[in-house]
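Heads up: the structure comes next, in structure tokens.
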Amino acid sequence: MSAPFASPTLRVILADGSAPLPAEVRAALVAGLLGRGYRVSYVRDTAIDGARVCLLPADGSSMTEHSVPIEGLDVDAIVARVDALRAACSLPAPGGWKPWFPVIDYSRCTNCMQCLSFCLFDVYGVSPEGKIQVQNQSNCKTDCPACSRVCPEVAILFPKYRYGPINGDEIDPEDLRREAMKVDISALLGGDIYQALRDRSARAKSRFARERDDQRALKERQKCLQQLRRDLDLPPEVLAALPTPEEMRARAESAMARARAATAHPEAAPPPVSEP
Amino acid sequence: MARLLYCHCAYAQVVPPSVKGEVLRRLAEAGVEFDAVPDLCELSARRDPQLIALAAEEGLRIAACYPRAVRWLFAAAGAPLPEANVEVINMRVESAESVASRMLAAADGEGSP
């Protein structure tokens, strides 16, 4: 799986020593640091005087440490001091993006590759062992849970989604039945959503060619997209970001080829199609 | 004694702000040692090595969201949680009082997960 955002969360050690911070200051300080995107580890260490904050930018390979006393400072001043430490270390500002990406529940996943075939944004890929995995998280469209809608096993989670079981809530038989109904969107369209869209497009082209009615064509397209949006709970931004029909066709064919190869011969999965 | 981990779910309003705010206040004011992260999803997305260290903690008790989501977020980061001796407490559905009490009881060594 790729790591689109390389820098790890910066860690602040809030160490209370022989003269601990007042409880309400401690609570406000932890909240303030979290709000700035820092991880906070609160520790008690009577070996130190007063209270200190230490900044630990841990990236797994190197660690630098900076520590400053905070006794007598108010919350805003302490947060500003941590920010100054970060800047002095040339560390990136934490946070600033919404982590929206699919998480696979491998206890449910059957490696059917429907998500790989369905996603138009190359979020999914296949491991060298032929296992479905999330490979390009940053390609995922914020607030779009559509791939989880087509997963027949409810194995794709979006922890920040509003509703269960996609948000990670436990799955009951009613959920499975409901999700299966949504999956049947694909079946209703003939088992291959992209082929169905192509067929529909071809029929529409033929009809519009006969009727020469651009307004009607536009209405038909909008109606179709709105239906898709309602069925899959797609945010408008996703529809706006859809690739062109040609790109969509190429990606879908590439994804389906990879899925077929991975399920038939895991070691023979071809590489994904590159971004246009 | 359990290791306490609190997730602030910074980038979405799916955890009621009143619940997470109160849980955080109770933890901080209790004077117990704990870890607080801005957003577990973010750490998972970054495959942050800190998750590996957290997953290895003995008796980890996590205040976050749905246990299934938390477990697979750790797994996605290459830091699978052990099957036993870990408890995830769901701030999306439980009251602040319930979450804080269970976290602090663990800190006192009661009802270890």
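How things are named: the first chain in the structure tokens is A, the next is B, and so on; residues count from 1 in each chain; ligands count from 1 in the order shown.
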
Please report as JSON lines every residue of chain A lying within 8 Å of chain B, along with the nearest atom pair and their distance in Å (one decimal), using only C-alpha atoms.
{"residue": "A:Ala3", "atom": "CA", "partner": "B:Arg46", "partner_atom": "CA", "distance": 5.4}
{"residue": "A:Pro4", "atom": "CA", "partner": "B:Arg46", "partner_atom": "CA", "distance": 6.9}
{"residue": "A:Phe5", "atom": "CA", "partner": "B:Arg46", "partner_atom": "CA", "distance": 5.6}
{"residue": "A:Ala6", "atom": "CA", "partner": "B:Arg46", "partner_atom": "CA", "distance": 6.4}
{"residue": "A:Ser7", "atom": "CA", "partner": "B:Arg46", "partner_atom": "CA", "distance": 7.4}
{"residue": "A:Pro8", "atom": "CA", "partner": "B:Asp48", "partner_atom": "CA", "distance": 5.4}
{"residue": "A:Thr9", "atom": "CA", "partner": "B:Leu43", "partner_atom": "CA", "distance": 6.8}
{"residue": "A:Ala23", "atom": "CA", "partner": "B:Glu29", "partner_atom": "CA", "distance": 4.6}
{"residue": "A:Glu24", "atom": "CA", "partner": "B:Glu29", "partner_atom": "CA", "distance": 6.4}
{"residue": "A:Arg26", "atom": "CA", "partner": "B:Ala28", "partner_atom": "CA", "distance": 6.1}
{"residue": "A:Ala27", "atom": "CA", "partner": "B:Ala28", "partner_atom": "CA", "distance": 4.8}
{"residue": "A:Ala28", "atom": "CA", "partner": "B:Arg25", "partner_atom": "CA", "distance": 7.7}
{"residue": "A:Val30", "atom": "CA", "partner": "B:Ala28", "partner_atom": "CA", "distance": 7.4}
{"residue": "A:Ala31", "atom": "CA", "partner": "B:Leu24", "partner_atom": "CA", "distance": 7.5}
{"residue": "A:Leu34", "atom": "CA", "partner": "B:Pro38", "partner_atom": "CA", "distance": 5.1}
{"residue": "A:Gly35", "atom": "CA", "partner": "B:Pro38", "partner_atom": "CA", "distance": 7.1}
{"residue": "A:Gly37", "atom": "CA", "partner": "B:Pro38", "partner_atom": "CA", "distance": 5.5}
{"residue": "A:Tyr38", "atom": "CA", "partner": "B:Pro38", "partner_atom": "CA", "distance": 6.4}
{"residue": "A:Arg39", "atom": "CA", "partner": "B:Val37", "partner_atom": "CA", "distance": 4.4}
{"residue": "A:Val40", "atom": "CA", "partner": "B:Ala36", "partner_atom": "CA", "distance": 5.1}
{"residue": "A:Ser41", "atom": "CA", "partner": "B:Asp35", "partner_atom": "CA", "distance": 4.4}
{"residue": "A:Tyr42", "atom": "CA", "partner": "B:Glu33", "partner_atom": "CA", "distance": 5.2}
{"residue": "A:Val43", "atom": "CA", "partner": "B:Glu33", "partner_atom": "CA", "distance": 5.0}
{"residue": "A:Arg44", "atom": "CA", "partner": "B:Glu33", "partner_atom": "CA", "distance": 6.7}
{"residue": "A:Ala58", "atom": "CA", "partner": "B:Gln50", "partner_atom": "CA", "distance": 7.7}
{"residue": "A:Asp59", "atom": "CA", "partner": "B:Pro49", "partner_atom": "CA", "distance": 6.9}
{"residue": "A:Gly60", "atom": "CA", "partner": "B:Pro49", "partner_atom": "CA", "distance": 6.0}
{"residue": "A:Trp97", "atom": "CA", "partner": "B:Tyr11", "partner_atom": "CA", "distance": 7.5}
{"residue": "A:Lys98", "atom": "CA", "partner": "B:Tyr11", "partner_atom": "CA", "distance": 5.4}
{"residue": "A:Pro99", "atom": "CA", "partner": "B:Glu42", "partner_atom": "CA", "distance": 5.3}
{"residue": "A:Trp100", "atom": "CA", "partner": "B:Cys41", "partner_atom": "CA", "distance": 7.9}
{"residue": "A:Phe101", "atom": "CA", "partner": "B:Ala45", "partner_atom": "CA", "distance": 7.9}
{"residue": "A:Val103", "atom": "CA", "partner": "B:Leu73", "partner_atom": "CA", "distance": 6.6}
{"residue": "A:Ile104", "atom": "CA", "partner": "B:Trp72", "partner_atom": "CA", "distance": 6.9}
{"residue": "A:Asp105", "atom": "CA", "partner": "B:Trp72", "partner_atom": "CA", "distance": 6.0}
{"residue": "A:Gln137", "atom": "CA", "partner": "B:Ala45", "partner_atom": "CA", "distance": 7.4}
{"residue": "A:Leu157", "atom": "CA", "partner": "B:Ala69", "partner_atom": "CA", "distance": 6.8}
{"residue": "A:Phe158", "atom": "CA", "partner": "B:Ala69", "partner_atom": "CA", "distance": 7.9}
{"residue": "A:Pro159", "atom": "CA", "partner": "B:Ala69", "partner_atom": "CA", "distance": 5.8}
{"residue": "A:Lys160", "atom": "CA", "partner": "B:Val14", "partner_atom": "CA", "distance": 6.3}
{"residue": "A:Tyr161", "atom": "CA", "partner": "B:Val14", "partner_atom": "CA", "distance": 7.5}
{"residue": "A:Arg162", "atom": "CA", "partner": "B:Val14", "partner_atom": "CA", "distance": 6.5}
{"residue": "A:Asn167", "atom": "CA", "partner": "B:Ala69", "partner_atom": "CA", "distance": 6.9}
{"residue": "A:Gly168", "atom": "CA", "partner": "B:Ala69", "partner_atom": "CA", "distance": 4.6}
{"residue": "A:Asp169", "atom": "CA", "partner": "B:Tyr66", "partner_atom": "CA", "distance": 5.7}
{"residue": "A:Glu170", "atom": "CA", "partner": "B:Arg68", "partner_atom": "CA", "distance": 7.3}

Identify, on the basis of only C-alpha atoms, every residue whose closest approach to Ala15 in chain A does not exceed 10 Å; exclude the query and any residue fewer than 6 positions from it along the same chain; express the result as a ChimeraX atom specification. /A:21,41-46,48-54,67,69-70 /B:33

Using only C-alpha atoms, the residue out of A:Gly164, A:Arg178, A:Tyr106, A:Asp76 with shortest distance to Pro80 in chain B is A:Tyr106

I'd like to know which residues of range 39-109 of chain B are strand (DSSP E or B) (by DSSP, run on the backbone); could you write them as number ranges by chain? B: 60-64, 86-90

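Atom pair CA of Ala252 in chain A / CA of Cys119 in chain A: separated by 8.1 Å.
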
Contacts of Val99 in chain B at 8 Å (only C-alpha atoms; same-chain gap of 5+ positions) as a list in words: Val23, Ala63, Ile89, Asn90, Met91 and Glu94 of chain B

Could you take the residues named above and write them with C-alpha atoms, as a compact mmCIF listing (two decimals), in the first residue's frame?
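Once everything was written out, this is result.txt:
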# COMPACT_ATOMS: atom_id res chain seq x y z
CA VAL B 23 -13.82 12.00 27.63
CA ALA B 63 -11.42 5.25 23.10
CA ILE B 89 -14.57 1.63 23.43
CA ASN B 90 -16.90 3.27 20.95
CA MET B 91 -17.39 7.02 21.44
CA GLU B 94 -21.49 5.22 24.15

As an exercise, work out the distance from CA of Ile13 in chain A to CA of Ala79 in chain B in Å and give it to one decimal place. 21.9 Å

Contact residues around Val75 in chain A with only C-alpha atoms at 9 Å, ignoring same-chain residues under 2 positions, as number ranges by chain: A: 25-26, 28-29, 32, 73, 77-80

Restricted to C-alpha atoms, what would the selected residues look like written as a short mmCIF file (atom, residue, chain, number, x, y, z; two decimals), in the first residue's frame?
data_model
loop_
_atom_site.label_atom_id
_atom_site.label_comp_id
_atom_site.auth_asym_id
_atom_site.auth_seq_id
_atom_site.Cartn_x
_atom_site.Cartn_y
_atom_site.Cartn_z
CA VAL A 25 -4.81 23.63 32.21
CA ARG A 26 -3.63 20.12 31.39
CA ALA A 28 -7.06 22.46 27.77
CA LEU A 29 -3.46 21.97 26.68
CA GLY A 32 -5.15 22.51 22.08
CA LEU A 73 2.76 29.70 30.55
CA ALA A 77 1.70 30.25 24.78
CA ILE A 78 2.59 26.57 25.21
CA VAL A 79 1.02 25.61 21.89
CA ALA A 80 2.90 28.49 20.25
#

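Remark: for Val93 in chain B, the closest of the candidate residues B:Leu54, B:Ile62, B:Ala2, B:Val19 is B:Val19 (distances computed over only C-alpha atoms).
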
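Of the residues listed (A:Arg260, A:Lys141, A:Arg108, A:Arg177), A:Arg108 shows the shortest atom-to-atom separation from Glu153 in chain A; distances use only C-alpha atoms.
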
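Here the question is which of A:Met113, A:Pro165, A:Pro173, A:Pro102 gets nearest to Gln135 in chain A using only C-alpha atoms, and that residue is A:Pro102.
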